[in-house]
Structure formats: C-alpha cells, structure tokens
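Note: the block below is my_file_35.csv and it holds CSV, C-alpha atoms.
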chain,number,residue,atom,x,y,z
R,1,MET,CA,-21.2,12.0,-18.0
R,2,THR,CA,-19.5,8.7,-17.1
R,3,THR,CA,-17.6,8.7,-20.4
R,4,HIS,CA,-16.5,12.3,-19.7
R,5,VAL,CA,-15.2,11.4,-16.2
R,6,LEU,CA,-13.4,8.3,-17.5
R,7,GLY,CA,-11.8,10.3,-20.4
R,8,ASP,CA,-10.6,13.0,-18.1
R,9,THR,CA,-9.3,10.5,-15.5
R,10,THR,CA,-7.4,8.7,-18.3
R,11,VAL,CA,-5.7,11.9,-19.5
R,12,LEU,CA,-4.8,13.0,-16.0
R,13,THR,CA,-3.5,9.6,-15.1
R,14,GLY,CA,-1.3,9.6,-18.2
R,15,ARG,CA,0.1,12.9,-16.9
R,16,SER,CA,0.9,11.5,-13.5
R,17,LEU,CA,2.5,8.4,-15.0
R,18,ARG,CA,4.7,10.5,-17.1
R,19,HIS,CA,6.0,12.1,-14.0
R,20,ILE,CA,6.8,8.7,-12.6
R,21,THR,CA,8.7,7.6,-15.7
R,22,ARG,CA,10.7,10.8,-15.6
R,23,SER,CA,11.7,10.2,-12.0
R,24,PRO,CA,11.9,6.4,-11.5
R,25,ASP,CA,14.0,7.0,-8.4
R,26,THR,CA,10.7,7.1,-6.4
R,27,ILE,CA,9.9,3.5,-7.3
R,28,ILE,CA,13.5,2.5,-6.6
R,29,THR,CA,13.5,4.3,-3.3
R,30,THR,CA,10.2,2.6,-2.4
R,31,ALA,CA,11.6,-0.8,-3.0
R,32,ILE,CA,15.0,-0.3,-1.4
R,33,MET,CA,13.8,-0.1,2.2
R,34,PRO,CA,11.7,-3.3,2.1
R,35,VAL,CA,14.5,-5.1,0.3
R,36,ALA,CA,17.0,-4.0,2.9
R,37,MET,CA,14.6,-5.2,5.6
R,38,MET,CA,14.2,-8.5,3.9
R,39,LEU,CA,18.0,-9.0,3.6
R,40,MET,CA,18.5,-8.1,7.3
R,41,PHE,CA,15.7,-10.3,8.6
R,42,VAL,CA,16.6,-13.3,6.5
R,43,TYR,CA,20.4,-13.2,6.8
R,44,VAL,CA,20.8,-11.7,10.2
R,45,PHE,CA,17.7,-12.5,12.3
R,46,GLY,CA,16.3,-15.4,10.4
R,47,GLY,CA,18.4,-18.1,11.9
R,48,ALA,CA,17.3,-17.1,15.4
R,49,ILE,CA,13.5,-17.0,14.7
R,50,ASP,CA,11.6,-20.2,14.9
R,51,THR,CA,8.6,-20.2,12.5
R,52,GLY,CA,8.3,-23.9,12.2
R,53,SER,CA,9.1,-25.7,8.9
R,54,GLY,CA,9.9,-23.9,5.7
R,55,SER,CA,12.1,-21.1,4.6
R,56,TYR,CA,12.0,-17.9,6.6
R,57,VAL,CA,11.9,-15.8,3.5
R,58,ASN,CA,8.7,-17.5,2.5
R,59,TYR,CA,7.3,-16.7,6.0
R,60,MET,CA,8.1,-13.1,6.1
R,61,LEU,CA,7.6,-12.0,2.5
R,62,PRO,CA,3.9,-11.1,2.9
R,63,GLY,CA,4.8,-8.6,5.6
R,64,ILE,CA,7.5,-7.1,3.5
R,65,LEU,CA,5.0,-6.7,0.6
R,66,LEU,CA,2.7,-4.7,2.9
R,67,ILE,CA,5.6,-2.5,4.1
R,68,THR,CA,6.4,-1.9,0.4
R,69,ILE,CA,2.9,-0.6,-0.1
R,70,ALA,CA,2.9,1.5,3.0
R,71,SER,CA,6.2,3.0,1.9
R,72,GLY,CA,5.0,3.6,-1.6
R,73,VAL,CA,1.8,5.5,-0.8
R,74,ALA,CA,3.8,8.2,1.0
R,75,TYR,CA,4.9,9.4,-2.5
R,76,THR,CA,1.3,9.6,-3.5
R,77,SER,CA,0.6,12.0,-0.7
R,78,LEU,CA,3.7,14.0,-1.6
R,79,ARG,CA,2.8,14.2,-5.2
R,80,LEU,CA,-0.7,15.4,-4.3
R,81,PHE,CA,0.6,17.9,-1.8
R,82,ASN,CA,3.0,19.3,-4.4
R,83,ASP,CA,0.2,19.7,-7.0
R,84,MET,CA,-1.9,21.5,-4.4
R,85,LYS,CA,0.9,23.9,-3.5
R,86,GLY,CA,1.9,24.4,-7.1
R,87,GLY,CA,-1.5,25.7,-8.1
R,88,ILE,CA,-2.2,22.8,-10.5
R,89,PHE,CA,-5.6,22.1,-8.9
R,90,GLU,CA,-6.7,25.8,-9.4
R,91,ARG,CA,-5.7,25.6,-13.1
R,92,PHE,CA,-7.6,22.3,-13.5
R,93,GLN,CA,-10.7,23.9,-11.9
R,94,SER,CA,-10.7,26.6,-14.7
R,95,LEU,CA,-10.9,23.8,-17.3
R,96,PRO,CA,-14.0,21.8,-18.3
R,97,ILE,CA,-12.8,18.6,-16.7
R,98,ALA,CA,-14.3,16.3,-14.0
R,99,ARG,CA,-13.1,17.3,-10.6
R,100,SER,CA,-13.0,13.7,-9.4
R,101,GLY,CA,-10.7,12.8,-12.2
R,102,VAL,CA,-7.9,14.8,-10.5
R,103,LEU,CA,-7.9,12.6,-7.4
R,104,TRP,CA,-8.5,9.3,-9.3
R,105,ALA,CA,-5.5,10.1,-11.5
R,106,HIS,CA,-3.3,10.2,-8.4
R,107,VAL,CA,-4.9,7.0,-7.0
R,108,LEU,CA,-4.4,5.0,-10.2
R,109,THR,CA,-0.8,6.2,-10.5
R,110,SER,CA,-0.3,5.0,-7.0
R,111,MET,CA,-1.7,1.6,-8.0
R,112,VAL,CA,0.7,1.3,-10.9
R,113,ALA,CA,3.8,2.5,-9.1
R,114,ASN,CA,3.2,0.2,-6.1
R,115,LEU,CA,2.5,-2.8,-8.4
R,116,ILE,CA,5.9,-2.2,-10.0
R,117,SER,CA,7.6,-1.9,-6.6
R,118,LEU,CA,5.9,-5.2,-5.5
R,119,VAL,CA,7.2,-7.0,-8.5
R,120,VAL,CA,10.7,-5.8,-7.8
R,121,VAL,CA,10.5,-7.0,-4.2
R,122,VAL,CA,9.2,-10.4,-5.2
R,123,GLY,CA,12.0,-10.7,-7.8
R,124,VAL,CA,14.6,-10.1,-5.1
R,125,ALA,CA,12.8,-12.6,-2.8
R,126,LEU,CA,13.1,-15.2,-5.6
R,127,LEU,CA,16.9,-14.6,-5.8
R,128,MET,CA,17.0,-15.1,-2.0
R,129,GLY,CA,15.3,-18.4,-2.2
R,130,PHE,CA,11.6,-17.7,-2.1
R,131,ARG,CA,9.6,-20.4,-3.6
R,132,SER,CA,5.8,-21.0,-3.9
R,133,SER,CA,3.7,-23.9,-4.9
R,134,ALA,CA,0.7,-21.6,-5.5
R,135,GLY,CA,-1.3,-21.9,-8.7
R,136,VAL,CA,-2.5,-19.2,-11.0
R,137,LEU,CA,-5.8,-18.7,-9.1
R,138,ASP,CA,-3.8,-18.4,-5.8
R,139,TRP,CA,-1.5,-15.8,-7.3
R,140,LEU,CA,-4.5,-13.9,-8.7
R,141,ALA,CA,-6.1,-13.9,-5.2
R,142,VAL,CA,-2.8,-12.6,-3.7
R,143,THR,CA,-2.6,-9.9,-6.3
R,144,GLY,CA,-6.2,-8.9,-5.7
R,145,ILE,CA,-5.7,-8.6,-1.9
R,146,LEU,CA,-2.5,-6.5,-2.4
R,147,LEU,CA,-4.2,-4.2,-4.8
R,148,LEU,CA,-7.2,-3.8,-2.5
R,149,PHE,CA,-4.9,-3.0,0.4
R,150,THR,CA,-3.0,-0.5,-1.9
R,151,LEU,CA,-6.2,1.2,-2.9
R,152,ALA,CA,-7.3,1.5,0.8
R,153,LEU,CA,-3.9,3.0,1.9
R,154,THR,CA,-3.8,5.3,-1.1
R,155,TRP,CA,-7.0,7.0,-0.1
R,156,ILE,CA,-5.5,7.5,3.3
R,157,ALA,CA,-2.6,9.1,1.5
R,158,VAL,CA,-5.0,11.3,-0.4
R,159,ILE,CA,-6.3,12.6,2.9
R,160,ALA,CA,-2.8,13.3,4.1
R,161,GLY,CA,-1.9,15.1,0.9
R,162,LEU,CA,-4.9,17.3,1.0
R,163,THR,CA,-4.7,18.3,4.6
R,164,ALA,CA,-0.9,18.5,5.2
R,165,LYS,CA,0.7,21.8,6.0
R,166,SER,CA,4.2,20.7,4.7
R,167,ALA,CA,5.7,18.1,2.5
R,168,GLU,CA,7.2,16.3,5.5
R,169,GLY,CA,3.8,16.2,7.2
R,170,GLY,CA,2.2,14.8,4.0
R,171,SER,CA,4.4,11.7,4.2
R,172,ALA,CA,4.7,11.3,7.9
R,173,PHE,CA,1.3,9.5,8.1
R,174,SER,CA,3.0,6.4,6.5
R,175,TYR,CA,5.4,5.8,9.5
R,176,PRO,CA,2.7,4.1,11.7
R,177,LEU,CA,1.6,2.1,8.7
R,178,ILE,CA,5.2,0.9,8.0
R,179,PHE,CA,5.6,0.0,11.7
R,180,LEU,CA,2.2,-1.9,12.0
R,181,PRO,CA,3.5,-5.1,10.4
R,182,PHE,CA,6.1,-5.4,13.2
R,183,LEU,CA,3.2,-5.8,15.6
R,184,SER,CA,1.6,-8.6,13.7
R,185,SER,CA,2.3,-12.2,12.5
R,186,ALA,CA,4.5,-10.8,9.7
R,187,PHE,CA,7.9,-11.6,11.2
R,188,VAL,CA,7.3,-13.9,14.2
R,189,PRO,CA,4.3,-16.1,15.3
R,190,THR,CA,2.0,-14.1,17.5
R,191,GLY,CA,2.1,-17.0,20.1
R,192,THR,CA,5.6,-15.9,21.1
R,193,MET,CA,4.4,-12.4,22.1
R,194,PRO,CA,3.4,-11.3,25.6
R,195,GLY,CA,-0.3,-11.1,26.4
R,196,PRO,CA,-1.4,-7.5,25.5
R,197,VAL,CA,0.9,-7.3,22.5
R,198,ARG,CA,-0.4,-10.7,21.3
R,199,TRP,CA,-4.0,-9.6,21.6
R,200,PHE,CA,-3.3,-6.5,19.6
R,201,ALA,CA,-1.3,-8.4,17.0
R,202,GLU,CA,-4.1,-10.9,16.5
R,203,HIS,CA,-6.8,-8.4,16.1
R,204,GLN,CA,-5.3,-5.7,13.9
R,205,PRO,CA,-5.8,-5.8,10.1
R,206,VAL,CA,-2.2,-6.7,9.1
R,207,THR,CA,-2.2,-10.1,10.7
R,208,SER,CA,-5.3,-11.4,8.8
R,209,ILE,CA,-3.9,-10.0,5.5
R,210,VAL,CA,-0.5,-11.5,6.1
R,211,ASN,CA,-1.9,-14.9,7.2
R,212,THR,CA,-4.2,-15.0,4.1
R,213,ILE,CA,-1.3,-14.2,1.7
R,214,ARG,CA,1.0,-16.6,3.4
R,215,GLY,CA,-1.6,-19.4,3.2
R,216,LEU,CA,-2.4,-18.7,-0.5
R,217,LEU,CA,1.3,-18.8,-1.4
R,218,ALA,CA,1.9,-22.0,0.5
R,219,GLU,CA,-1.4,-23.6,-0.7
R,220,GLN,CA,-2.5,-24.0,3.0
R,221,PRO,CA,-6.0,-23.6,4.5
R,222,ILE,CA,-6.7,-20.0,5.2
R,223,GLY,CA,-10.0,-20.4,7.0
R,224,THR,CA,-11.8,-17.2,7.9
R,225,ASP,CA,-8.7,-15.1,7.6
R,226,ILE,CA,-9.5,-14.2,4.0
R,227,TRP,CA,-12.9,-12.8,5.0
R,228,THR,CA,-11.4,-10.8,7.9
R,229,ALA,CA,-8.7,-9.5,5.6
R,230,LEU,CA,-11.2,-8.4,2.9
R,231,ALA,CA,-13.5,-6.8,5.5
R,232,TRP,CA,-10.6,-4.8,7.0
R,233,CYS,CA,-9.5,-3.6,3.5
R,234,ALA,CA,-13.0,-2.8,2.4
R,235,GLY,CA,-13.8,-1.0,5.6
R,236,ILE,CA,-10.6,1.1,5.5
R,237,LEU,CA,-11.2,1.9,1.9
R,238,VAL,CA,-14.8,3.1,2.4
R,239,VAL,CA,-13.9,5.2,5.4
R,240,ALA,CA,-10.8,6.7,3.8
R,241,TYR,CA,-12.7,7.5,0.6
R,242,VAL,CA,-15.4,9.3,2.4
R,243,PHE,CA,-13.0,11.4,4.4
R,244,ALA,CA,-10.9,12.1,1.3
R,245,ALA,CA,-14.0,13.3,-0.6
R,246,VAL,CA,-14.9,15.6,2.3
R,247,ALA,CA,-11.4,17.0,2.5
R,248,TYR,CA,-11.3,17.5,-1.3
R,249,ARG,CA,-14.6,19.4,-1.3
R,250,ARG,CA,-13.4,21.7,1.5
R,251,LYS,CA,-10.1,22.3,-0.3
R,252,ILE,CA,-11.6,23.3,-3.7
R,253,SER,CA,-14.6,25.2,-2.3

Starting from the file, give its structure as structure tokens.
Amino acid sequence: MTTHVLGDTTVLTGRSLRHITRSPDTIITTAIMPVAMMLMFVYVFGGAIDTGSGSYVNYMLPGILLITIASGVAYTSLRLFNDMKGGIFERFQSLPIARSGVLWAHVLTSMVANLISLVVVVGVALLMGFRSSAGVLDWLAVTGILLLFTLALTWIAVIAGLTAKSAEGGSAFSYPLIFLPFLSSAFVPTGTMPGPVRWFAEHQPVTSIVNTIRGLLAEQPIGTDIWTALAWCAGILVVAYVFAAVAYRRKIS
C-alpha cells in the first residue's frame, strides 16, 4: 500500500512539475515582488533604519525569504483550484490511484517551486551585498526551517484551494501572510514599536522564525528562538493538514 501511494504521488508530482516548467513565469512572478521589496528597503529606507551594526540587507533578508514563501504558496492554491474546477479530480477518482497522492503532488510541487524562488532571491541578495559567515550546518538548519515553514503554509494553501469559490478567493488568503512579516522583527527591531504592536510582534510566529534564521546566518546565539520557531511551524502544519484532510474528504465525497 505504501509503495502504491508513493508511486502514485511521484507520477502526479511529475505531472505538476511539468506544468511549472511550461510556465516558469509563476516562479519569476513569485520572486519579483520580494526582490522589489528588498531593493526598496535596502536602497530607499535602509539608510534611515537603525538595526545596529552590520549590513541592512543581512538584517532584512530572512523576512524577505518568508514573504517569498507566502507569495509562492498562493500559486499552489490557484493550481489546486483550477484542477478542482477543471474536473481533473473527478477523472483521477475513476482511476486506481491513491487519493492522497493528488494533494501530496501539489504540496511537493509547491516545495520545489518555492525552493527555486528562494534561491533566486538569495542570489539577488548576494549581488546587493549580502554576506554570511554561516557554515554548512547553519545553512542546512536555515534550509530546514524554510522548508518546514513552506510545508506549513502550503497546507494552508491547500485548504484555500479546496474551499475557494473563485480563483481570486483561492489566492486572497496569502495577503495576510505576506503582510505578517511587517508586524515582526523582519525589517525593524521590535523595541522601536509602540506597546501593543510590540507585544504582538514579539509573540507572533514570524518573529521567532526570522530571529532564528538571522542568528544562524550571522553565527550568533539564537537561544530559545529556534524551539519557538519549530513549535510554531509544526503546530501550524499539523492544524492545517487536519483541516485540509477534512476539506478534501468533503470535496470528493
């Protein structure tokens, strides 16, 4: 049974990835907005923002990476919505394939597409002066956290894609996710924020994730931030997966 599910998921993932390679503009579009934000913040606002020592592009890159992911998963929701409306799911149900493989194919495609977008954004950051003293293990830890965050948001995108009434509605869920880093330590230290905003910024998931990635890239102590970040990502992932599974069962029943 497990081999059957893995085989079906692999085949369906290949199908989704072929759609990506035929329309690479989705990946380019995903990377354009974060890159534009990075250019604006570094070259327009960067000189007026005091983050202490170090380059501002180093400081704000973790937040830009999270925005890249939030922007990218919107396309996962859109692809899933289009498959639902196009009758692809009904055709798959008539075939002897694992039903879970259909969703996992979209999820794995999202992981690959977002990883490519992240590489593009990091490449642009390097051209803008980003430098890191992080070692291989630090970079692996950063990659692992970003992939876990991507997986968690992708399952939220699956819920949106399964329950949306229109294509616009399917992608609208990503707007709050894109905005969330602005209410965190991603672009300015939380100490500069007024009381209630500071409290929210210091207790929402993005801040702990950003602080962890920033600390790893700078080889600085990260304290308990990494455990808070992992707990947020794992919690969001579990809750989103459960709701997505329920929505999927209702959709195909």

Considering all atoms listed in the file, give me a table of residues in segment 77-163 of chain R that are at most 12 Å from segment 177-184 of chain R, with the closest atom pair and distance in Å for each, as JSON lines.
{"residue": "R:Phe149", "atom": "CA", "partner": "R:Leu177", "partner_atom": "CA", "distance": 11.7}
{"residue": "R:Thr150", "atom": "CA", "partner": "R:Leu177", "partner_atom": "CA", "distance": 11.8}
{"residue": "R:Ala152", "atom": "CA", "partner": "R:Leu177", "partner_atom": "CA", "distance": 11.9}
{"residue": "R:Leu153", "atom": "CA", "partner": "R:Leu177", "partner_atom": "CA", "distance": 8.8}
{"residue": "R:Thr154", "atom": "CA", "partner": "R:Leu177", "partner_atom": "CA", "distance": 11.6}
{"residue": "R:Ile156", "atom": "CA", "partner": "R:Leu177", "partner_atom": "CA", "distance": 10.4}
{"residue": "R:Ala157", "atom": "CA", "partner": "R:Leu177", "partner_atom": "CA", "distance": 10.9}

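One distance worth recording is that between atom CA of Gln220 of chain R and atom CA of Leu148 of chain R, which is 21.5 Å.
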
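The smallest atom-to-atom distance between Ala240 of chain R and any of R:Pro205, R:Asp225, R:Leu216, R:Ile159, using all atoms listed in the file, is found for R:Ile159.
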
(Q) Need the shell around segment 30-43 of chain R: protein/DNA/RNA residues with any atom at most 8 Å away, counting all atoms listed in the file. Skip same-chain ones fewer than 2 positions apart. Format as a ChimeraX atom specification? (A) /R:26-28,45-47,56-57,60-61,64-65,67-68,71-72,117-118,120-121,124-125

Atoms kept (C-alpha atoms) for selection, written as an mmCIF file, in the frame of the given file:
data_model
loop_
_atom_site.group_PDB
_atom_site.id
_atom_site.type_symbol
_atom_site.label_atom_id
_atom_site.label_comp_id
_atom_site.auth_asym_id
_atom_site.auth_seq_id
_atom_site.Cartn_x
_atom_site.Cartn_y
_atom_site.Cartn_z
ATOM 1 C CA THR R 26 10.700 7.100 -6.400
ATOM 2 C CA ILE R 27 9.900 3.500 -7.300
ATOM 3 C CA ILE R 28 13.500 2.500 -6.600
ATOM 4 C CA PHE R 45 17.700 -12.500 12.300
ATOM 5 C CA GLY R 46 16.300 -15.400 10.400
ATOM 6 C CA GLY R 47 18.400 -18.100 11.900
ATOM 7 C CA TYR R 56 12.000 -17.900 6.600
ATOM 8 C CA VAL R 57 11.900 -15.800 3.500
ATOM 9 C CA MET R 60 8.100 -13.100 6.100
ATOM 10 C CA LEU R 61 7.600 -12.000 2.500
ATOM 11 C CA ILE R 64 7.500 -7.100 3.500
ATOM 12 C CA LEU R 65 5.000 -6.700 0.600
ATOM 13 C CA ILE R 67 5.600 -2.500 4.100
ATOM 14 C CA THR R 68 6.400 -1.900 0.400
ATOM 15 C CA SER R 71 6.200 3.000 1.900
ATOM 16 C CA GLY R 72 5.000 3.600 -1.600
ATOM 17 C CA SER R 117 7.600 -1.900 -6.600
ATOM 18 C CA LEU R 118 5.900 -5.200 -5.500
ATOM 19 C CA VAL R 120 10.700 -5.800 -7.800
ATOM 20 C CA VAL R 121 10.500 -7.000 -4.200
ATOM 21 C CA VAL R 124 14.600 -10.100 -5.100
ATOM 22 C CA ALA R 125 12.800 -12.600 -2.800
#

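With all atoms listed in the file as the atoms that count, the minimum distance from Val158 of chain R to the choices R:Val122, R:His106, R:Val210, R:Trp232 is reached by R:His106.
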
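Using only C-alpha atoms, the shortest contact distance between Leu237 of chain R and any of R:Met193, R:Leu162, R:Leu147, R:Ala186 is found at R:Leu147.
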
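Taking atom CA of Val246 of chain R and atom CA of Ser208 of chain R as endpoints, the distance between them is 29.4 Å.
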
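Atom CA of Val142 of chain R to atom CA of Leu78 of chain R spans 27.5 Å [interatomic distance, one decimal].
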
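Proximity of R:Val188, R:Ala160, R:Ile49, R:Met111 to Thr143 of chain R, computed with all atoms listed in the file, is greatest for R:Met111.
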
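For the set R:Ser166, R:Trp155, R:Trp227, R:Phe81, the residue with the smallest atom-to-atom gap to Val239 of chain R is R:Trp155, counting all atoms listed in the file.
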
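Between Ser185 of chain R and the residues R:Gly54, R:Pro221, R:Gly63, R:Gly161, the shortest atom-to-atom distance, using only C-alpha atoms, involves R:Gly63.
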
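Environment of (-2.0, 3.1, -10.1): residues at most 10 Å away, judged by all atoms listed in the file, are R:Thr13, R:Ser16, R:Leu17, R:Thr76, R:Trp104, R:Ala105, R:His106, R:Val107, R:Leu108, R:Thr109, R:Ser110, R:Met111, R:Val112, R:Ala113, R:Asn114, R:Leu115, R:Ile116, R:Leu147, R:Thr150, R:Leu151, R:Thr154.
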
Q. Using all atoms listed in the file, which residues sit within 10 Å of Glu219 of chain R once same-chain residues fewer than 2 positions away are excluded, as a count of residues only?
A. 12
